[in-house]
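Text of upload04.pdb (PDB, C-alpha atoms) as supplied:
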MODEL        1
ATOM      1  CA  MET P 202       9.642  -7.685  39.300
ATOM      2  CA  ALA P 203       9.097 -11.083  37.706
ATOM      3  CA  LYS P 204       9.319  -9.590  34.202
ATOM      4  CA  TYR P 205      12.543  -7.728  35.068
ATOM      5  CA  LYS P 206      14.161 -10.888  36.405
ATOM      6  CA  ARG P 207      12.998 -12.840  33.364
ATOM      7  CA  PHE P 208      14.510 -10.262  31.023
ATOM      8  CA  LEU P 209      17.839 -10.523  32.852
ATOM      9  CA  SER P 210      17.733 -14.332  32.846
ATOM     10  CA  GLU P 211      17.113 -14.224  29.095
ATOM     11  CA  ASN P 212      20.265 -12.104  28.703
ATOM     12  CA  ARG P 213      18.336  -9.263  27.149
ATOM     13  CA  GLY P 214      20.586  -6.358  26.282
ATOM     14  CA  ALA P 215      23.577  -8.687  26.062
ATOM     15  CA  GLY P 216      25.484 -10.107  23.112
ATOM     16  CA  GLN P 217      26.464  -8.832  19.695
ATOM     17  CA  LEU P 218      25.324  -9.450  16.116
ATOM     18  CA  ALA P 219      23.246 -12.669  15.966
ATOM     19  CA  SER P 220      23.551 -13.307  19.723
ATOM     20  CA  TYR P 221      22.189  -9.921  20.824
ATOM     21  CA  LYS P 222      18.766  -9.850  22.432
ATOM     22  CA  PRO P 223      16.977  -6.476  22.593
ATOM     23  CA  TRP P 224      15.624  -5.448  25.964
ATOM     24  CA  LEU P 225      12.211  -4.913  24.378
ATOM     25  CA  SER P 226      10.482  -7.035  21.746
ATOM     26  CA  ILE P 227       7.183  -6.511  20.000
ATOM     27  CA  GLN P 228       5.618  -9.269  22.115
ATOM     28  CA  ASP P 229       6.257  -7.340  25.329
ATOM     29  CA  PHE P 230       4.272  -4.131  24.951
ATOM     30  CA  PRO P 231       1.495  -2.652  22.833
ATOM     31  CA  SER P 232       2.650  -0.025  20.352
ATOM     32  CA  LYS P 233       0.946   3.148  19.204
ATOM     33  CA  GLY P 234       2.612   2.717  15.803
ATOM     34  CA  ARG P 235       3.115  -0.082  13.331
ATOM     35  CA  VAL P 236       5.413  -2.806  14.659
ATOM     36  CA  SER P 237       7.911  -4.661  12.477
ATOM     37  CA  ARG P 238      10.036  -7.790  12.671
ATOM     38  CA  ILE P 239      12.853  -7.700  10.115
ATOM     39  CA  LYS P 240      15.738 -10.073   9.555
ATOM     40  CA  GLY P 241      18.976  -8.100   9.464
ATOM     41  CA  TRP P 242      21.672  -8.268   6.819
ATOM     42  CA  LYS P 243      24.457  -7.438   9.239
ATOM     43  CA  THR P 244      23.293  -9.463  12.235
ATOM     44  CA  ASN P 245      21.446 -12.422  10.680
ATOM     45  CA  ARG P 246      18.772 -12.129  13.364
ATOM     46  CA  ILE P 247      15.266 -10.716  13.721
ATOM     47  CA  HIS P 248      15.086  -7.056  14.765
ATOM     48  CA  HIS P 249      12.074  -5.611  16.606
ATOM     49  CA  PHE P 250      10.680  -2.119  15.974
ATOM     50  CA  PHE P 251       7.720  -0.272  17.450
ATOM     51  CA  SER P 252       7.207   2.458  14.860
ATOM     52  CA  ASP P 253       7.747   3.306  11.212
ATOM     53  CA  ILE P 254      10.434   5.824  12.190
ATOM     54  CA  GLN P 255      12.458   3.139  13.967
ATOM     55  CA  THR P 256      12.085   0.807  10.994
ATOM     56  CA  ARG P 257      13.187   3.454   8.508
ATOM     57  CA  CYS P 258      16.252   4.274  10.597
ATOM     58  CA  PHE P 259      17.103   0.588  10.621
ATOM     59  CA  TYR P 260      17.076   0.473   6.808
ATOM     60  CA  MET P 261      19.432   3.465   6.705
ATOM     61  CA  PHE P 262      21.826   1.739   9.086
ATOM     62  CA  GLU P 263      21.654  -1.522   7.130
ATOM     63  CA  TRP P 264      22.726   0.296   3.970
ATOM     64  CA  ASP P 265      25.629   2.145   5.626
ATOM     65  CA  ASP P 266      28.853   0.155   5.153
ATOM     66  CA  GLU P 267      30.495   1.944   8.076
ATOM     67  CA  ILE P 268      28.022   0.317  10.492
ATOM     68  CA  VAL P 269      28.811  -3.339  11.248
ATOM     69  CA  ASP P 270      26.381  -4.129  14.074
ATOM     70  CA  ILE P 271      22.944  -2.805  15.011
ATOM     71  CA  ARG P 272      21.570  -3.304  18.517
ATOM     72  CA  GLU P 273      18.058  -1.976  19.027
ATOM     73  CA  HIS P 274      16.361  -1.098  22.351
ATOM     74  CA  TYR P 275      19.648  -1.140  24.238
ATOM     75  CA  PRO P 276      19.063  -1.029  28.013
ATOM     76  CA  LEU P 277      20.910   1.380  30.280
ATOM     77  CA  LEU P 278      21.210  -1.199  33.052
ATOM     78  CA  ASP P 279      24.064   0.582  34.818
ATOM     79  CA  LEU P 280      22.451   4.019  34.644
ATOM     80  CA  VAL P 281      22.711   4.761  38.374
ATOM     81  CA  GLU P 282      26.397   3.880  38.493
ATOM     82  CA  VAL P 283      27.261   5.787  35.316
ATOM     83  CA  VAL P 284      25.325   9.058  35.676
ATOM     84  CA  LYS P 285      26.714  10.635  38.832
ATOM     85  CA  ASP P 286      25.654  14.169  37.928
ATOM     86  CA  ASN P 287      21.923  13.652  38.402
ATOM     87  CA  LYS P 288      20.706  16.041  41.111
ATOM     88  CA  ASP P 289      18.809  18.172  38.592
ATOM     89  CA  LEU P 290      17.326  15.161  36.810
ATOM     90  CA  LYS P 291      14.118  13.290  37.459
ATOM     91  CA  GLN P 292      15.042  11.200  40.477
ATOM     92  CA  GLU P 293      12.650   8.318  39.883
ATOM     93  CA  PHE P 294      15.292   6.835  37.587
ATOM     94  CA  PHE P 295      18.003   7.002  40.253
ATOM     95  CA  ILE P 296      16.319   5.818  43.443
ATOM     96  CA  ASN P 297      16.315   2.204  44.547
ATOM     97  CA  LYS P 298      13.009   0.578  43.779
ATOM     98  CA  GLU P 299      11.830  -2.866  42.805
ATOM     99  CA  PRO P 300      11.765  -3.469  39.958
ATOM    100  CA  PRO P 301      13.985  -0.656  38.639
ATOM    101  CA  TYR P 302      12.749   1.339  35.663
ATOM    102  CA  ILE P 303      15.047   0.597  32.734
ATOM    103  CA  LEU P 304      15.623   3.304  30.154
ATOM    104  CA  THR P 305      16.570   2.160  26.657
ATOM    105  CA  THR P 306      18.294   3.833  23.725
ATOM    106  CA  THR P 307      16.723   2.955  20.387
ATOM    107  CA  PHE P 308      19.992   2.039  18.657
ATOM    108  CA  LEU P 309      23.534   1.268  19.741
ATOM    109  CA  LEU P 310      25.623   1.018  16.574
ATOM    110  CA  THR P 311      29.071  -0.494  16.151
ATOM    111  CA  LEU P 312      31.236   1.132  13.501
ATOM    112  CA  ARG P 313      33.865  -0.435  11.289
ATOM    113  CA  ASN P 314      36.569   1.396  13.277
ATOM    114  CA  HIS P 315      35.312  -0.378  16.457
ATOM    115  CA  LYS P 316      33.794   2.781  17.886
ATOM    116  CA  TYR P 317      30.172   3.064  19.020
ATOM    117  CA  ILE P 318      27.449   5.622  18.456
ATOM    118  CA  ALA P 319      24.059   5.769  20.170
ATOM    119  CA  ARG P 320      20.915   7.097  18.534
ATOM    120  CA  THR P 321      17.452   7.571  19.979
ATOM    121  CA  VAL P 322      14.540   7.827  17.554
ATOM    122  CA  LYS P 323      11.631  10.132  18.315
ATOM    123  CA  SER P 324       8.837  11.777  16.387
ATOM    124  CA  SER P 325       9.499  15.516  16.185
ATOM    125  CA  SER P 326       6.124  16.117  17.837
ATOM    126  CA  GLU P 327       7.380  14.389  20.998
ATOM    127  CA  LEU P 328      10.283  16.773  21.461
ATOM    128  CA  GLY P 329       7.997  19.394  22.933
ATOM    129  CA  LYS P 330       7.049  17.177  25.868
ATOM    130  CA  LYS P 331       8.833  17.826  29.158
ATOM    131  CA  SER P 332       8.897  14.147  30.158
ATOM    132  CA  VAL P 333      10.501  13.176  26.827
ATOM    133  CA  LEU P 334      13.133  15.906  27.108
ATOM    134  CA  GLU P 335      13.980  14.802  30.655
ATOM    135  CA  ARG P 336      14.575  11.233  29.513
ATOM    136  CA  LEU P 337      16.622  12.375  26.548
ATOM    137  CA  GLU P 338      18.839  14.419  28.853
ATOM    138  CA  ILE P 339      19.406  11.334  31.006
ATOM    139  CA  GLU P 340      20.387   9.356  27.915
ATOM    140  CA  ARG P 341      22.693  12.147  26.763
ATOM    141  CA  ARG P 342      24.522  12.227  30.094
ATOM    142  CA  TYR P 343      24.743   8.432  30.206
ATOM    143  CA  TRP P 344      26.433   8.164  26.814
ATOM    144  CA  ALA P 345      28.587  11.235  27.460
ATOM    145  CA  ALA P 346      29.905   9.552  30.603
ATOM    146  CA  LYS P 347      30.825   6.552  28.472
ATOM    147  CA  GLN P 348      32.383   8.867  25.870
ATOM    148  CA  ILE P 349      30.037   7.574  23.173
ATOM    149  CA  ASP P 350      28.493   9.930  20.621
ATOM    150  CA  PHE P 351      24.757  10.351  21.183
ATOM    151  CA  GLY P 352      22.150  11.893  18.938
ATOM    152  CA  ILE P 353      18.415  12.116  18.287
ATOM    153  CA  ILE P 354      16.806  11.205  14.961
ATOM    154  CA  THR P 355      13.316  12.356  13.957
ATOM    155  CA  GLN P 356      11.367  11.723  10.775
ATOM    156  CA  LYS P 357      12.766  14.995   9.429
ATOM    157  CA  GLU P 358      16.277  13.526   9.185
ATOM    158  CA  ILE P 359      15.204  10.402   7.264
ATOM    159  CA  PRO P 360      15.530  10.444   3.446
ATOM    160  CA  THR P 361      12.161   8.902   2.588
ATOM    161  CA  LYS P 362      12.889   7.926  -1.019
ATOM    162  CA  MET P 363      16.184   6.273  -0.141
ATOM    163  CA  VAL P 364      14.613   4.313   2.713
ATOM    164  CA  LYS P 365      11.716   3.095   0.553
ATOM    165  CA  ASN P 366      14.177   1.855  -2.054
ATOM    166  CA  ILE P 367      16.219  -0.002   0.551
ATOM    167  CA  GLU P 368      13.036  -1.532   1.944
ATOM    168  CA  TRP P 369      12.079  -2.656  -1.577
ATOM    169  CA  ILE P 370      15.299  -4.661  -2.027
ATOM    170  CA  HIS P 371      15.964  -5.652   1.581
ATOM    171  CA  SER P 372      14.399  -9.103   1.821
ATOM    172  CA  SER P 373      15.912 -10.265  -1.487
ATOM    173  CA  LEU P 374      19.262 -10.938   0.188
ATOM    174  CA  TYR P 375      18.025 -13.983   2.092
ATOM    175  CA  THR P 376      14.802 -15.178   0.379
ATOM    176  CA  TYR P 377      16.198 -16.641  -2.854
ATOM    177  CA  GLU P 378      15.384 -20.185  -1.720
ATOM    178  CA  GLU P 379      11.727 -19.202  -1.428
ATOM    179  CA  ARG P 380      11.840 -18.523  -5.180
ATOM    180  CA  GLY P 381      13.189 -22.024  -5.827
ATOM    181  CA  LEU P 382      16.760 -20.843  -6.410
ATOM    182  CA  THR P 383      19.884 -22.619  -5.205
ATOM    183  CA  GLU P 384      23.166 -20.882  -4.424
ATOM    184  CA  ASN P 385      24.597 -22.134  -7.728
ATOM    185  CA  SER P 386      21.629 -21.019  -9.832
ATOM    186  CA  LEU P 387      21.495 -17.643  -8.067
ATOM    187  CA  GLU P 388      25.171 -17.014  -8.739
ATOM    188  CA  ASN P 389      24.786 -18.077 -12.358
ATOM    189  CA  TYR P 390      21.740 -15.858 -12.929
ATOM    190  CA  CYS P 391      23.492 -12.920 -11.240
ATOM    191  CA  ASN P 392      26.389 -13.140 -13.677
ATOM    192  CA  ILE P 393      24.051 -13.510 -16.662
ATOM    193  CA  LEU P 394      22.070 -10.419 -15.632
ATOM    194  CA  ILE P 395      25.243  -8.428 -14.975
ATOM    195  CA  ASP P 396      26.393  -9.205 -18.521
ATOM    196  CA  LYS P 397      23.044  -8.016 -19.877
ATOM    197  CA  PHE P 398      23.428  -4.693 -18.069
ATOM    198  CA  ARG P 399      26.719  -3.842 -19.753
ATOM    199  CA  ASP P 400      26.276  -1.053 -22.290
ATOM    200  CA  ASN P 401      22.539  -1.764 -22.411
ATOM    201  CA  LYS P 402      20.437   1.323 -23.089
ATOM    202  CA  HIS P 403      17.084  -0.236 -22.245
ATOM    203  CA  SER P 404      15.223   0.300 -18.984
ATOM    204  CA  ILE P 405      15.952  -2.091 -16.140
ATOM    205  CA  ARG P 406      12.333  -3.199 -16.385
ATOM    206  CA  LYS P 407      12.816  -4.353 -19.988
ATOM    207  CA  ILE P 408      16.193  -5.948 -19.271
ATOM    208  CA  THR P 409      14.817  -8.029 -16.406
ATOM    209  CA  SER P 410      11.693  -8.964 -18.393
ATOM    210  CA  ASP P 411      13.844 -10.148 -21.313
ATOM    211  CA  PHE P 412      15.966 -12.108 -18.836
ATOM    212  CA  ASP P 413      12.876 -14.066 -17.691
ATOM    213  CA  LYS P 414      11.975 -15.027 -21.243
ATOM    214  CA  GLU P 415      15.493 -15.894 -22.365
ATOM    215  CA  ASN P 416      16.178 -18.087 -19.335
ATOM    216  CA  ASN P 417      12.705 -19.656 -19.228
ATOM    217  CA  VAL P 418      12.131 -18.665 -15.606
ATOM    218  CA  SER P 419       8.993 -17.404 -13.872
ATOM    219  CA  ASP P 420       7.969 -13.789 -14.320
ATOM    220  CA  GLY P 421       9.680 -11.504 -11.836
ATOM    221  CA  THR P 422      12.798 -13.642 -11.432
ATOM    222  CA  GLY P 423      14.974 -11.155 -13.282
ATOM    223  CA  LEU P 424      13.637  -8.307 -11.156
ATOM    224  CA  PHE P 425      14.359 -10.349  -8.024
ATOM    225  CA  ILE P 426      17.924 -11.008  -9.224
ATOM    226  CA  PHE P 427      18.325  -7.278  -9.868
ATOM    227  CA  LYS P 428      17.169  -6.526  -6.322
ATOM    228  CA  TYR P 429      19.601  -9.119  -4.980
ATOM    229  CA  LEU P 430      22.469  -7.518  -6.920
ATOM    230  CA  LEU P 431      21.594  -4.160  -5.377
ATOM    231  CA  ALA P 432      21.213  -5.580  -1.865
ATOM    232  CA  SER P 433      24.548  -7.414  -2.109
ATOM    233  CA  LYS P 434      26.088  -4.284  -3.686
ATOM    234  CA  HIS P 435      27.376  -6.077  -6.768
ATOM    235  CA  ILE P 436      25.607  -3.282  -8.619
ATOM    236  CA  TYR P 437      25.580   0.202  -7.175
ATOM    237  CA  ILE P 438      22.826   2.701  -7.874
ATOM    238  CA  ASP P 439      22.247   5.868  -5.886
ATOM    239  CA  MET P 440      19.284   4.827  -3.738
ATOM    240  CA  ASN P 441      18.063   8.415  -3.724
ATOM    241  CA  GLU P 442      17.655   8.212  -7.517
ATOM    242  CA  LEU P 443      16.304   4.697  -8.128
ATOM    243  CA  ARG P 444      12.676   4.637  -9.301
ATOM    244  CA  ILE P 445      10.960   1.531  -8.001
ATOM    245  CA  PRO P 446       7.928  -0.130  -9.651
ATOM    246  CA  ASP P 447       4.400   0.978  -8.872
ATOM    247  CA  TYR P 448       3.615  -2.358  -7.247
ATOM    248  CA  PRO P 449       5.649  -4.275  -4.631
ATOM    249  CA  ASP P 450       5.819  -7.429  -6.801
ATOM    250  CA  GLY P 451       7.281  -5.533  -9.724
ATOM    251  CA  SER P 452       4.326  -6.309 -11.995
ATOM    252  CA  SER P 453       4.053  -2.729 -13.158
ATOM    253  CA  GLY P 454       6.025   0.459 -13.278
ATOM    254  CA  ASN P 455       9.074   1.797 -15.013
ATOM    255  CA  ILE P 456      12.619   1.671 -13.642
ATOM    256  CA  ARG P 457      15.046   3.696 -15.677
ATOM    257  CA  THR P 458      18.617   2.576 -16.152
ATOM    258  CA  LEU P 459      20.878   4.882 -14.173
ATOM    259  CA  ASN P 460      24.639   5.261 -13.969
ATOM    260  CA  ARG P 461      25.866   2.026 -12.439
ATOM    261  CA  THR P 462      29.018   0.624 -10.938
ATOM    262  CA  ILE P 463      29.074  -3.097 -11.748
ATOM    263  CA  ARG P 464      31.219  -5.467  -9.759
ATOM    264  CA  THR P 465      31.829  -8.807 -11.434
ATOM    265  CA  PRO P 466      31.920 -11.746 -11.222
ATOM    266  CA  CYS P 467      29.111 -12.159  -8.724
ATOM    267  CA  HIS P 468      29.913 -14.393  -5.776
ATOM    268  CA  LEU P 469      27.404 -15.038  -3.032
ATOM    269  CA  ILE P 470      28.128 -13.075   0.131
TER     270      ILE P 470
ENDMDL
END

Turn this file's structure into structure tokens for me.
Amino acid sequence: MAKYKRFLSENRGAGQLASYKPWLSIQDFPSKGRVSRIKGWKTNRIHHFFSDIQTRCFYMFEWDDEIVDIREHYPLLDLVEVVKDNKDLKQEFFINKEPPYILTTTFLLTLRNHKYIARTVKSSSELGKKSVLERLEIERRYWAAKQIDFGIITQKEIPTKMVKNIEWIHSSLYTYEERGLTENSLENYCNILIDKFRDNKHSIRKITSDFDKENNVSDGTGLFIFKYLLASKHIYIDMNELRIPDYPDGSSGNIRTLNRTIRTPCHLI
């Protein structure tokens, strides 16, 4: 009961964008999977995930321009009031007990058109479990009563290559200061690199390597700028086609130049 009251006093499940606080955080419960804390592009806050599947879904949602807010582990605090048709459901979620058991939906997403969609993330292997199916049916009825589209995402619906590419560029949007770059120098380097891309037939790996030498900057700076341009969508490449380096720091590997849409000049977002 004390934990439930503390969660409410901390306004968990309330707020939007940077002010939202998920009902569950990685400090609260042990996870059977790999947990992640990731700073969001859209929200400018730290998101908490309990599995690789949740994290990969998050990267998909970050990349989707139609999604403007991502709220993870959204609590169904008004479940009893909302789901009136519950006689055939597991009643432990609808009886008065202290503290109440709070169901959560993995993601509540706000769209550009101000509508909402709810998505729960599960491993496909879990969908054969009766207890999981019962909870999913409760979620479905809850969101149906609120006239909000609800769906289930498993690992089978996640484009692995696309998600890995988004993960590779994701942190570049807000870590430029860690590389010793200022806003002015970042903007200047972005425009220089964009100019180098125009009608250039070389691989992106060679272009960014030449950039480092020509601008007398540390190795990997050009590759970082390239990742920033992708993350900020000043350069568009199909993330299902991009070939990332063999190593996370970009020290090896071959990235081929693909068809690109270049937006210029580059202004910081």

Care to translate the PyMOL selection byres ((chain P and resi 353) around 9) into actual residues of this file, as a JSON list (two decimals) with C-alpha atoms, in the coordinates of the input?
[["chain", "number", "residue", "atom", "x", "y", "z"],
["P", 319, "ALA", "CA", 24.06, 5.77, 20.17],
["P", 320, "ARG", "CA", 20.92, 7.10, 18.53],
["P", 321, "THR", "CA", 17.45, 7.57, 19.98],
["P", 322, "VAL", "CA", 14.54, 7.83, 17.55],
["P", 323, "LYS", "CA", 11.63, 10.13, 18.32],
["P", 337, "LEU", "CA", 16.62, 12.38, 26.55],
["P", 351, "PHE", "CA", 24.76, 10.35, 21.18],
["P", 352, "GLY", "CA", 22.15, 11.89, 18.94],
["P", 354, "ILE", "CA", 16.81, 11.20, 14.96],
["P", 355, "THR", "CA", 13.32, 12.36, 13.96]]

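Against this structure, the PyMOL selection byres ((chain P and resi 442) around 9) ends up with Lys362, Met363, Ile438, Asp439, Met440, Asn441, Leu443, Arg444 and Leu459 of chain P.
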
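The shortest atom-to-atom distance to Tyr317 (chain P), with only C-alpha atoms taken into account, belongs to P:Ile268 out of P:Tyr260, P:Ile268, P:Thr305, P:Arg341.
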
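Residues matched by the PyMOL selection byres ((chain P and resi 202) around 9) in this structure: Ala203, Lys204, Tyr205, Lys206, Arg207, Glu299, Pro300 and Pro301 of chain P.
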
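For the atom pair formed by CA of Val281 (chain P) and CA of Phe294 (chain P), the distance is 7.7 Å, given to one decimal.
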
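Taking CA of Ile408 (chain P) and CA of Tyr377 (chain P) as endpoints, the distance between them is 19.6 Å.
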
(request) Considering all atoms listed in the file, return as a ChimeraX atom specification whatever protein or nucleic-acid residues lie within 10 Å of Lys291 (chain P), sequence-local ones (same chain, fewer than 6 positions apart) excluded. (result) /P:332,335-336,338-339

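Going from CA of Ile254 (chain P) to CA of Val284 (chain P) covers 28.0 Å.
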
(request) Name the residues in contact with Asn314 (chain P) at a cut-off of 12 Å, using all atoms listed in the file, excluding same-chain residues fewer than 6 positions from it; report them as an MDAnalysis selection string. (result) chainID P and resid 266:270

Quick one: region 311-342 of chain P with N, CA and C atoms, as a PDB file, in the first residue's frame?
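This is the output file part.pdb:
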ATOM      1  N   THR P 311       0.782   9.666 -28.633  1.00  0.00           N
ATOM      2  CA  THR P 311       0.012  10.800 -29.127  1.00  0.00           C
ATOM      3  C   THR P 311       0.422  11.069 -30.564  1.00  0.00           C
ATOM      4  N   LEU P 312      -0.568  11.181 -31.444  1.00  0.00           N
ATOM      5  CA  LEU P 312      -0.299  11.408 -32.854  1.00  0.00           C
ATOM      6  C   LEU P 312      -0.371  12.888 -33.194  1.00  0.00           C
ATOM      7  N   ARG P 313       0.177  13.220 -34.344  1.00  0.00           N
ATOM      8  CA  ARG P 313       0.207  14.610 -34.791  1.00  0.00           C
ATOM      9  C   ARG P 313      -1.204  15.184 -34.928  1.00  0.00           C
ATOM     10  N   ASN P 314      -2.183  14.323 -35.247  1.00  0.00           N
ATOM     11  CA  ASN P 314      -3.563  14.786 -35.403  1.00  0.00           C
ATOM     12  C   ASN P 314      -4.317  14.837 -34.073  1.00  0.00           C
ATOM     13  N   HIS P 315      -3.566  14.716 -32.956  1.00  0.00           N
ATOM     14  CA  HIS P 315      -4.094  14.818 -31.588  1.00  0.00           C
ATOM     15  C   HIS P 315      -4.890  13.586 -31.159  1.00  0.00           C
ATOM     16  N   LYS P 316      -4.850  12.535 -31.936  1.00  0.00           N
ATOM     17  CA  LYS P 316      -5.469  11.291 -31.528  1.00  0.00           C
ATOM     18  C   LYS P 316      -4.458  10.454 -30.756  1.00  0.00           C
ATOM     19  N   TYR P 317      -4.952   9.405 -30.087  1.00  0.00           N
ATOM     20  CA  TYR P 317      -4.096   8.523 -29.306  1.00  0.00           C
ATOM     21  C   TYR P 317      -4.205   7.097 -29.836  1.00  0.00           C
ATOM     22  N   ILE P 318      -3.115   6.351 -29.689  1.00  0.00           N
ATOM     23  CA  ILE P 318      -3.160   4.912 -29.908  1.00  0.00           C
ATOM     24  C   ILE P 318      -2.413   4.239 -28.758  1.00  0.00           C
ATOM     25  N   ALA P 319      -2.866   3.066 -28.384  1.00  0.00           N
ATOM     26  CA  ALA P 319      -2.251   2.317 -27.284  1.00  0.00           C
ATOM     27  C   ALA P 319      -1.680   1.016 -27.835  1.00  0.00           C
ATOM     28  N   ARG P 320      -0.478   0.701 -27.411  1.00  0.00           N
ATOM     29  CA  ARG P 320       0.183  -0.522 -27.866  1.00  0.00           C
ATOM     30  C   ARG P 320       0.823  -1.242 -26.683  1.00  0.00           C
ATOM     31  N   THR P 321       0.496  -2.530 -26.565  1.00  0.00           N
ATOM     32  CA  THR P 321       1.171  -3.369 -25.580  1.00  0.00           C
ATOM     33  C   THR P 321       2.181  -4.253 -26.289  1.00  0.00           C
ATOM     34  N   VAL P 322       3.340  -4.404 -25.693  1.00  0.00           N
ATOM     35  CA  VAL P 322       4.445  -5.157 -26.289  1.00  0.00           C
ATOM     36  C   VAL P 322       4.609  -6.475 -25.538  1.00  0.00           C
ATOM     37  N   LYS P 323       4.571  -7.562 -26.291  1.00  0.00           N
ATOM     38  CA  LYS P 323       4.740  -8.887 -25.696  1.00  0.00           C
ATOM     39  C   LYS P 323       5.589  -9.754 -26.608  1.00  0.00           C
ATOM     40  N   SER P 324       6.346 -10.655 -26.021  1.00  0.00           N
ATOM     41  CA  SER P 324       7.011 -11.686 -26.808  1.00  0.00           C
ATOM     42  C   SER P 324       5.938 -12.627 -27.348  1.00  0.00           C
ATOM     43  N   SER P 325       6.104 -13.086 -28.575  1.00  0.00           N
ATOM     44  CA  SER P 325       5.105 -13.967 -29.180  1.00  0.00           C
ATOM     45  C   SER P 325       4.914 -15.239 -28.355  1.00  0.00           C
ATOM     46  N   SER P 326       5.954 -15.658 -27.655  1.00  0.00           N
ATOM     47  CA  SER P 326       5.847 -16.877 -26.843  1.00  0.00           C
ATOM     48  C   SER P 326       4.886 -16.704 -25.671  1.00  0.00           C
ATOM     49  N   GLU P 327       4.647 -15.466 -25.254  1.00  0.00           N
ATOM     50  CA  GLU P 327       3.755 -15.208 -24.124  1.00  0.00           C
ATOM     51  C   GLU P 327       2.285 -15.294 -24.510  1.00  0.00           C
ATOM     52  N   LEU P 328       2.009 -15.178 -25.805  1.00  0.00           N
ATOM     53  CA  LEU P 328       0.620 -15.096 -26.241  1.00  0.00           C
ATOM     54  C   LEU P 328      -0.125 -16.419 -26.115  1.00  0.00           C
ATOM     55  N   GLY P 329       0.588 -17.465 -25.776  1.00  0.00           N
ATOM     56  CA  GLY P 329      -0.074 -18.743 -25.545  1.00  0.00           C
ATOM     57  C   GLY P 329      -0.457 -18.958 -24.093  1.00  0.00           C
ATOM     58  N   LYS P 330      -0.153 -18.014 -23.239  1.00  0.00           N
ATOM     59  CA  LYS P 330      -0.443 -18.146 -21.812  1.00  0.00           C
ATOM     60  C   LYS P 330      -1.823 -17.563 -21.495  1.00  0.00           C
ATOM     61  N   LYS P 331      -2.627 -18.322 -20.777  1.00  0.00           N
ATOM     62  CA  LYS P 331      -3.981 -17.891 -20.454  1.00  0.00           C
ATOM     63  C   LYS P 331      -3.981 -16.588 -19.654  1.00  0.00           C
ATOM     64  N   SER P 332      -3.103 -16.481 -18.670  1.00  0.00           N
ATOM     65  CA  SER P 332      -3.072 -15.282 -17.827  1.00  0.00           C
ATOM     66  C   SER P 332      -2.738 -14.041 -18.644  1.00  0.00           C
ATOM     67  N   VAL P 333      -1.828 -14.171 -19.614  1.00  0.00           N
ATOM     68  CA  VAL P 333      -1.459 -13.045 -20.473  1.00  0.00           C
ATOM     69  C   VAL P 333      -2.637 -12.648 -21.347  1.00  0.00           C
ATOM     70  N   LEU P 334      -3.309 -13.629 -21.927  1.00  0.00           N
ATOM     71  CA  LEU P 334      -4.460 -13.343 -22.791  1.00  0.00           C
ATOM     72  C   LEU P 334      -5.590 -12.674 -22.007  1.00  0.00           C
ATOM     73  N   GLU P 335      -5.787 -13.082 -20.764  1.00  0.00           N
ATOM     74  CA  GLU P 335      -6.823 -12.457 -19.938  1.00  0.00           C
ATOM     75  C   GLU P 335      -6.516 -10.985 -19.701  1.00  0.00           C
ATOM     76  N   ARG P 336      -5.258 -10.681 -19.426  1.00  0.00           N
ATOM     77  CA  ARG P 336      -4.887  -9.281 -19.182  1.00  0.00           C
ATOM     78  C   ARG P 336      -4.978  -8.463 -20.462  1.00  0.00           C
ATOM     79  N   LEU P 337      -4.611  -9.059 -21.568  1.00  0.00           N
ATOM     80  CA  LEU P 337      -4.709  -8.354 -22.842  1.00  0.00           C
ATOM     81  C   LEU P 337      -6.162  -8.037 -23.185  1.00  0.00           C
ATOM     82  N   GLU P 338      -7.066  -8.949 -22.860  1.00  0.00           N
ATOM     83  CA  GLU P 338      -8.479  -8.701 -23.124  1.00  0.00           C
ATOM     84  C   GLU P 338      -9.003  -7.563 -22.253  1.00  0.00           C
ATOM     85  N   ILE P 339      -8.511  -7.477 -21.021  1.00  0.00           N
ATOM     86  CA  ILE P 339      -8.894  -6.353 -20.159  1.00  0.00           C
ATOM     87  C   ILE P 339      -8.394  -5.037 -20.756  1.00  0.00           C
ATOM     88  N   GLU P 340      -7.155  -5.023 -21.200  1.00  0.00           N
ATOM     89  CA  GLU P 340      -6.615  -3.823 -21.843  1.00  0.00           C
ATOM     90  C   GLU P 340      -7.435  -3.448 -23.074  1.00  0.00           C
ATOM     91  N   ARG P 341      -7.747  -4.453 -23.883  1.00  0.00           N
ATOM     92  CA  ARG P 341      -8.502  -4.184 -25.120  1.00  0.00           C
ATOM     93  C   ARG P 341      -9.840  -3.519 -24.799  1.00  0.00           C
ATOM     94  N   ARG P 342     -10.544  -4.055 -23.797  1.00  0.00           N
ATOM     95  CA  ARG P 342     -11.846  -3.486 -23.455  1.00  0.00           C
ATOM     96  C   ARG P 342     -11.695  -2.085 -22.857  1.00  0.00           C
TER      97      ARG P 342
END
